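Source file: entry.txt; contents: compact mmCIF, C-alpha atoms and all ligand atoms.
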# COMPACT_ATOMS: atom_id res chain seq x y z
CA ARG A 1 9.71 -8.29 -13.48
CA GLY A 2 12.36 -9.80 -15.74
CA HIS A 3 15.41 -11.60 -14.36
CA HIS A 4 18.78 -10.06 -15.28
CA ARG A 5 22.40 -9.92 -14.12
CA PHE A 6 21.62 -7.37 -11.37
CA SER A 7 18.52 -9.12 -9.95
CA ASN A 8 20.36 -10.71 -7.02
CA GLU A 9 22.21 -7.49 -6.22
CA ILE A 10 18.88 -5.61 -6.17
CA ASP A 11 17.26 -8.18 -3.87
CA LYS A 12 20.23 -7.92 -1.49
CA ARG A 13 20.08 -4.13 -1.32
CA VAL A 14 16.29 -4.06 -0.99
CA LYS A 15 16.54 -6.43 1.98
CA HIS A 16 19.23 -4.23 3.56
CA HIS A 17 17.08 -1.11 3.19
CA LEU A 18 14.00 -2.83 4.65
CA ASP A 19 16.00 -4.16 7.61
CA ASP A 20 18.00 -1.01 8.21
CA SER A 21 16.86 2.14 6.42
CA LEU A 22 13.16 1.92 7.34
CA LYS A 23 14.03 2.31 11.03
CA PRO A 24 13.49 5.89 12.21
CA PRO A 25 16.65 7.59 13.54
CA GLY A 26 16.94 7.24 17.29
CA ALA A 27 15.50 3.70 17.14
CA ASP A 28 19.07 2.41 16.81
CA ASP A 29 21.98 3.61 18.88
CA ASP A 30 23.57 5.42 15.91
CA LYS A 31 24.16 9.12 16.36
CA TRP A 32 22.01 10.76 13.68
CA GLU A 33 22.25 14.57 13.74
CA LEU A 34 19.10 16.47 12.75
CA VAL A 35 20.38 18.93 10.13
CA ALA A 36 17.09 20.30 8.77
CA GLU A 37 13.45 20.31 9.77
CA GLU A 38 10.61 21.87 7.75
CA GLY A 39 7.07 20.84 8.66
CA GLU A 40 6.83 17.07 8.18
CA MET A 41 10.32 16.87 6.67
CA LYS A 42 13.23 15.87 8.92
CA VAL A 43 16.74 15.49 7.47
CA TYR A 44 19.40 13.63 9.47
CA ARG A 45 23.08 13.08 8.82
CA LYS A 46 25.98 11.14 10.30
CA GLU A 47 29.55 12.32 9.93
CA LEU A 48 31.60 9.57 8.31
CA ILE A 49 35.04 9.76 6.72
CA GLU A 50 36.25 6.74 4.74
CA ASP A 51 39.78 6.68 3.29
CA GLY A 52 39.96 10.41 3.98
CA LEU A 53 36.77 11.07 1.95
CA ILE A 54 33.53 12.59 3.30
CA CYS A 55 30.93 9.82 3.05
CA ASP A 56 28.29 11.18 5.42
CA PRO A 57 25.19 8.94 5.40
CA LEU A 58 21.96 10.89 4.98
CA LYS A 59 18.48 9.85 6.10
CA ALA A 60 15.37 11.96 5.53
CA LEU A 61 11.81 11.35 6.69
CA HIS A 62 8.86 13.11 5.13
CA SER A 63 5.09 12.71 4.94
CA ILE A 64 3.03 14.22 2.14
CA LYS A 65 -0.70 14.36 1.50
CA ASN A 66 -2.72 13.35 -1.60
CA VAL A 67 -0.24 11.02 -3.27
CA THR A 68 0.48 7.28 -3.16
CA ALA A 69 3.77 5.45 -2.62
CA ARG A 70 3.60 4.14 -6.18
CA GLU A 71 3.18 7.67 -7.61
CA MET A 72 6.08 8.98 -5.50
CA CYS A 73 8.39 6.17 -6.67
CA HIS A 74 7.15 6.38 -10.25
CA TYR A 75 8.14 10.04 -10.64
CA PHE A 76 11.42 9.50 -8.82
CA TRP A 77 12.32 6.60 -11.10
CA LEU A 78 11.00 7.91 -14.47
CA THR A 79 13.85 9.50 -16.43
CA ASP A 80 11.46 11.36 -18.80
CA VAL A 81 10.70 13.86 -16.01
CA ARG A 82 14.10 13.78 -14.24
CA LYS A 83 15.11 17.30 -15.31
CA GLU A 84 11.78 18.70 -14.08
CA TRP A 85 12.76 18.23 -10.43
CA GLU A 86 16.51 17.28 -10.29
CA GLY A 87 18.46 20.52 -10.07
CA THR A 88 21.97 19.23 -9.42
CA ILE A 89 22.65 17.07 -12.48
CA GLU A 90 24.14 18.60 -15.61
CA ASN A 91 23.35 15.67 -17.93
CA PHE A 92 22.27 12.04 -17.88
CA SER A 93 21.61 9.13 -20.21
CA VAL A 94 19.97 5.71 -19.93
CA VAL A 95 22.88 3.35 -20.65
CA GLU A 96 20.93 0.09 -20.49
CA VAL A 97 17.36 -1.16 -19.96
CA LEU A 98 17.32 -4.37 -17.89
CA ASP A 99 13.56 -4.79 -17.51
CA GLU A 100 10.46 -2.59 -17.51
CA LEU A 101 11.37 -1.17 -14.05
CA THR A 102 15.17 -1.49 -14.00
CA ILE A 103 17.63 0.67 -15.96
CA VAL A 104 21.27 1.78 -15.79
CA ILE A 105 21.83 5.58 -15.73
CA TYR A 106 25.00 7.59 -16.35
CA GLN A 107 24.86 11.17 -15.06
CA THR A 108 27.15 14.13 -14.52
CA HIS A 109 26.65 16.48 -11.59
CA ARG A 110 27.18 20.20 -11.59
CA ARG A 111 30.78 20.88 -10.56
CA ILE A 112 31.36 21.67 -6.89
CA TRP A 113 34.04 24.38 -6.99
CA PRO A 114 37.02 24.02 -6.38
CA SER A 115 36.94 20.23 -6.82
CA ALA A 116 36.58 18.22 -10.06
CA GLN A 117 33.16 17.52 -11.57
CA ARG A 118 31.52 14.24 -10.50
CA ASP A 119 29.73 11.61 -12.52
CA CYS A 120 27.96 8.44 -11.45
CA LEU A 121 26.84 5.22 -13.13
CA TYR A 122 24.09 3.36 -11.29
CA VAL A 123 21.32 0.79 -11.50
CA SER A 124 17.89 2.31 -10.78
CA SER A 125 15.13 -0.16 -9.94
CA MET A 126 11.54 0.44 -8.83
CA LEU A 127 9.65 -2.32 -7.06
CA LYS A 128 6.67 -3.06 -4.87
CA VAL A 129 7.64 -4.44 -1.44
CA ASP A 130 5.45 -7.49 -0.77
CA ASN A 131 6.15 -8.09 2.91
CA PRO A 132 7.26 -4.85 4.57
CA PRO A 133 8.38 -4.99 8.20
CA PRO A 134 5.75 -3.68 10.65
CA ASN A 135 6.37 -0.03 11.52
CA GLY A 136 6.52 1.38 15.05
CA ASP A 137 3.22 3.14 15.43
CA GLY A 138 1.04 0.15 14.69
CA CYS A 139 -1.14 1.44 11.83
CA LYS A 140 -0.52 -0.70 8.75
CA PRO A 141 0.34 0.96 5.43
CA TYR A 142 -1.85 0.15 2.43
CA ASP A 143 1.28 -0.62 0.36
CA THR A 144 5.04 -0.06 0.18
CA TRP A 145 7.07 0.87 -2.92
CA MET A 146 10.80 1.51 -3.26
CA VAL A 147 13.33 2.86 -5.74
CA CYS A 148 16.88 1.58 -5.22
CA ASN A 149 19.79 3.39 -6.93
CA PHE A 150 23.26 1.88 -6.57
CA SER A 151 26.54 2.31 -8.40
CA VAL A 152 27.85 -0.34 -10.79
CA ASP A 153 31.15 -0.50 -12.64
CA LEU A 154 30.46 -1.06 -16.34
CA ASN A 155 33.16 -0.16 -18.78
CA GLU A 156 30.92 0.53 -21.75
CA ALA A 157 29.71 3.91 -20.41
CA ASN A 158 31.77 6.53 -22.26
CA PRO A 159 32.47 8.84 -19.33
CA VAL A 160 32.80 12.63 -19.61
CA ALA A 161 36.52 13.42 -19.60
CA GLY A 162 37.80 14.86 -16.33
CA CYS A 163 34.96 13.60 -14.14
CA VAL A 164 35.69 11.86 -10.84
CA ARG A 165 33.38 8.84 -10.35
CA ALA A 166 31.17 9.19 -7.27
CA LEU A 167 29.66 6.04 -5.79
CA VAL A 168 26.01 6.09 -4.69
CA GLU A 169 23.78 3.81 -2.61
CA ILE A 170 20.37 5.47 -2.44
CA ALA A 171 16.84 4.37 -1.62
CA LEU A 172 13.46 6.04 -1.65
CA ILE A 173 11.04 3.94 0.43
CA CYS A 174 7.41 5.07 0.32
CA GLN A 175 4.36 3.84 2.19
CA THR A 176 0.74 4.72 1.39
CA TYR A 177 -1.81 5.31 4.14
CA VAL A 178 -5.48 5.43 3.16
CA THR A 179 -8.16 6.92 5.42
CA PRO A 180 -11.51 5.91 3.85
CA PRO A 181 -14.14 8.72 3.91
CA ALA A 182 -16.54 8.50 6.88
CA ASP A 183 -19.56 8.48 4.51
CA GLY A 184 -18.33 5.26 2.82
CA GLY A 185 -17.81 7.18 -0.45
CA PRO A 186 -15.02 6.53 -2.96
CA ILE A 187 -11.37 7.03 -2.02
CA THR A 188 -10.25 10.49 -3.18
CA ARG A 189 -6.82 12.10 -3.00
CA ASP A 190 -7.54 13.73 0.31
CA CYS A 191 -7.82 10.23 1.82
CA LEU A 192 -4.18 9.60 0.89
CA LYS A 193 -0.93 10.16 2.75
CA CYS A 194 2.53 8.96 1.73
CA ASP A 195 5.30 8.47 4.31
CA ILE A 196 8.78 8.65 2.82
CA VAL A 197 12.19 7.46 3.98
CA TYR A 198 15.02 8.67 1.73
CA VAL A 199 18.53 7.40 2.38
CA ALA A 200 21.61 8.51 0.47
CA ASN A 201 25.16 7.23 0.86
CA VAL A 202 27.41 9.07 -1.56
CA ASN A 203 31.17 8.50 -1.78
CA PRO A 204 32.62 11.49 -3.67
CA GLY A 205 35.32 9.25 -5.16
CA GLY A 206 38.03 11.78 -4.51
CA TRP A 207 38.92 14.92 -2.60
CA VAL A 208 36.26 17.57 -1.85
CA PRO A 209 36.77 20.18 0.91
CA ALA A 210 34.79 18.92 3.92
CA SER A 211 33.29 22.36 4.65
CA VAL A 212 32.18 22.84 1.02
CA LEU A 213 30.62 19.37 0.68
CA ARG A 214 28.91 19.42 4.10
CA SER A 215 27.37 22.86 3.56
CA LEU A 216 26.27 21.83 0.06
CA THR A 217 24.61 18.60 1.21
CA LYS A 218 23.01 20.37 4.18
CA ARG A 219 21.36 22.73 1.66
CA GLU A 220 20.79 20.43 -1.31
CA TYR A 221 19.04 17.44 0.25
CA PRO A 222 16.24 19.43 1.95
CA LYS A 223 15.90 21.48 -1.25
CA PHE A 224 15.63 18.29 -3.35
CA LEU A 225 13.02 16.74 -1.02
CA ARG A 226 10.96 19.96 -0.92
CA ARG A 227 11.10 20.42 -4.69
CA PHE A 228 10.54 16.74 -5.59
CA THR A 229 7.57 16.14 -3.26
CA ALA A 230 5.88 19.36 -4.37
CA TYR A 231 6.47 18.30 -7.98
CA VAL A 232 4.70 14.94 -7.45
CA GLN A 233 1.73 16.57 -5.67
CA GLU A 234 1.37 19.04 -8.53
CA LYS A 235 1.86 16.41 -11.27
CA THR A 236 -0.75 14.02 -9.80
CA LYS A 237 -3.44 16.35 -8.48
CA GLU A 238 -5.72 16.11 -11.54
CA LYS A 239 -4.76 12.52 -12.39
CA GLU A 240 -6.45 9.21 -11.65
CA ILE A 241 -4.98 7.71 -8.43
CA LEU A 242 -2.13 5.28 -9.32
CA ILE A 243 -2.16 2.77 -6.47
C1 LIG A 301 30.87 15.07 -4.45
C2 LIG A 301 29.63 14.16 -4.49
C3 LIG A 301 28.72 14.67 -5.58
C4 LIG A 301 27.36 13.96 -5.57
C5 LIG A 301 27.15 12.93 -6.48
C6 LIG A 301 25.92 12.31 -6.59
C7 LIG A 301 24.85 12.73 -5.78
C8 LIG A 301 23.50 12.14 -5.94
C9 LIG A 301 23.26 11.12 -6.86
C10 LIG A 301 21.98 10.59 -7.03
C11 LIG A 301 20.92 11.09 -6.29
S1 LIG A 301 19.32 10.42 -6.47
O1 LIG A 301 18.62 10.63 -5.23
O2 LIG A 301 19.45 9.08 -6.94
C12 LIG A 301 18.45 11.36 -7.70
C13 LIG A 301 18.99 11.10 -9.08
O3 LIG A 301 20.04 12.01 -9.35
C14 LIG A 301 21.14 12.10 -5.36
C15 LIG A 301 22.42 12.64 -5.20
C16 LIG A 301 25.07 13.73 -4.82
C17 LIG A 301 26.33 14.34 -4.69
C18 LIG A 301 26.57 15.40 -3.69
C19 LIG A 301 26.70 16.75 -4.23
C20 LIG A 301 25.70 16.43 -3.22
C21 LIG A 301 24.28 16.51 -3.51
C22 LIG A 301 23.38 16.44 -2.49
C23 LIG A 301 22.05 16.51 -2.78
C24 LIG A 301 21.65 16.62 -4.07
C25 LIG A 301 22.61 16.64 -5.06
N1 LIG A 301 23.92 16.60 -4.79
Could you quickly redo this structure as structure tokens?
Ligand SMILES: CCCc1ccc(-c2ccc(S(=O)(=O)CCO)cc2)cc1[C@H]1C[C@H]1c1ccccn1
Amino acid sequence: RGHHRFSNEIDKRVKHHLDDSLKPPGADDDKWELVAEEGEMKVYRKELIEDGLICDPLKALHSIKNVTAREMCHYFWLTDVRKEWEGTIENFSVVEVLDELTIVIYQTHRRIWPSAQRDCLYVSSMLKVDNPPPNGDGCKPYDTWMVCNFSVDLNEANPVAGCVRALVEIALICQTYVTPPADGGPITRDCLKCDIVYVANVNPGGWVPASVLRSLTKREYPKFLRRFTAYVQEKTKEKEILI
């Protein structure tokens, strides 16, 4: 991985997510509210208003079969396939390439009536976590990968006129669990399970009606997790295991 002007910022945020985001809700005293539950997927939210803006932190846990952490992060990070699973962005562009796994993205979101359209400009970095903290239930993951998306303020991005800049701090943390076949045979996809923690902290950057934004996020995050995880299972099912 190359060194660039955001390397230290990435390391700082990765450390924060490993120390804080990997903890399941309820482990800390914070009051996470379960807002959606579908099978293995649990979506939690905290109500938070900062400077009069709705900045509700979101944390989602999910566990999906037959894929690896690296595959999950790869398809989340790869912009070539972004439009195949991301239903809420209107447009995006890669503003800068910092190294082979770190880019800067500018994107516009579909307008949330009656408020102004939002855009965001963020660093998106995918990395393997070398020394993950031990998780609660004792069984060790085979590996841990993460994608970290966080807003930066660069003036060269030519923003879409009229957009209000939203600020994002997002992480997808994935851990692979491998159950070798009893007969000692090769590892196949049905030996794989990927546990996911997705955290999203979005500051809308300006006024949005609380009821509109909260009902939208309550619907959109579970929809995104359902659609994205199904997409990765489908995309990888005939492919060589990327681990
Ligand atoms: C007024 C705030 C608008 C708003 C700006 C931005 C985002 C947002 C940005 C990035 C990512 S991601 O996970 O990095 C995938 C790449 O796009 C997810 C969400 C969400 C909302 C809010 C609208 C909510 C929402 C929730 C879930 C999915 C999409 N949008």
- [ ] Could you pull out the residues sitting within 9 Å of ligand LIG 301 (chain A), using all atoms listed in the file, and write them as a ChimeraX atom specification?
- [x] /A:54-55,76-77,82,86-89,92,107-112,115-120,122,124,147-150,164-172,198-208,213-214,216-224
TODO: Compile the contact shell of Cys174 in chain A as a count of residues only: residues with an atom at most 9 Å away, counting only C-alpha atoms, same-chain residues fewer than 6 positions apart removed.
DONE: 15
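Among the candidates A:His3, A:Arg226, A:His62, A:Lys239, the residue lying nearest to Asp99 in chain A is A:His3 (atoms considered: all atoms listed in the file).
In terms of minimum interatomic distance to Val104 in chain A, A:Asp153 ranks closest within A:Asp153, A:Asp30, A:Glu90, A:Asp130, counting only C-alpha atoms.
Each of A:Ala182, A:Val67, A:Ile10, A:Leu61 was checked against Lys235 in chain A using all atoms listed in the file; the smallest atom-to-atom distance is that of A:Val67.
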Open item on the list: As an exercise, work out the distance from CA of Pro133 in chain A to CA of Gln175 in chain A in Å and give it to one decimal place.
Closed with: 11.4 Å
Task: One-decimal distance in Å that lies between CA of Phe228 in chain A and CA of Glu38 in chain A - done: 14.3 Å
TODO: Identify which of the residues A:Trp113, A:Asp56, A:Arg1, A:Val94 lies closest to Pro209 in chain A, counting all atoms listed in the file when measuring atom-to-atom distances.
DONE: A:Trp113
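For the choices A:Val160, A:Ala36, A:Leu225, A:Ile187, the atom-to-atom distance to Leu242 in chain A is smallest for A:Ile187 when using only C-alpha atoms.
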Open item on the list: So that I can check the surroundings of Asn66 in chain A, please list as a VMD selection string every protein, DNA and RNA residue that reaches within 12 Å of it, counting only C-alpha atoms and ignoring chain neighbours fewer than 3 positions away.
Closed with: chain A and resid 63 69 71 to 72 176 to 179 187 to 195 229 to 230 232 to 243
Task: Distance in Å - CA of Pro134 in chain A versus CA of Gly26 in chain A - done: 17.0 Å
Open item on the list: I need every residue sitting at most 9 Å from the point (23.3, 16.5, 11.7) (coordinates as in the file, only C-alpha atoms considered), written as JSON, numbers by chain.
Closed with: {"A": [31, 32, 33, 34, 35, 36, 43, 44, 45, 46, 47, 58, 218]}
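For the set A:Ala60, A:Leu101, A:Leu78, A:Val212, the residue with the smallest atom-to-atom gap to Ser21 in chain A is A:Ala60, counting all atoms listed in the file.
Using all atoms listed in the file, the residues found no farther than 10 Å from range 4-8 of chain A, other than those of its own chain fewer than 4 positions away, are Lys12, Arg13, Val14, Leu98, Asp99, Thr102, Val123, Ser125 and Val152 of chain A.
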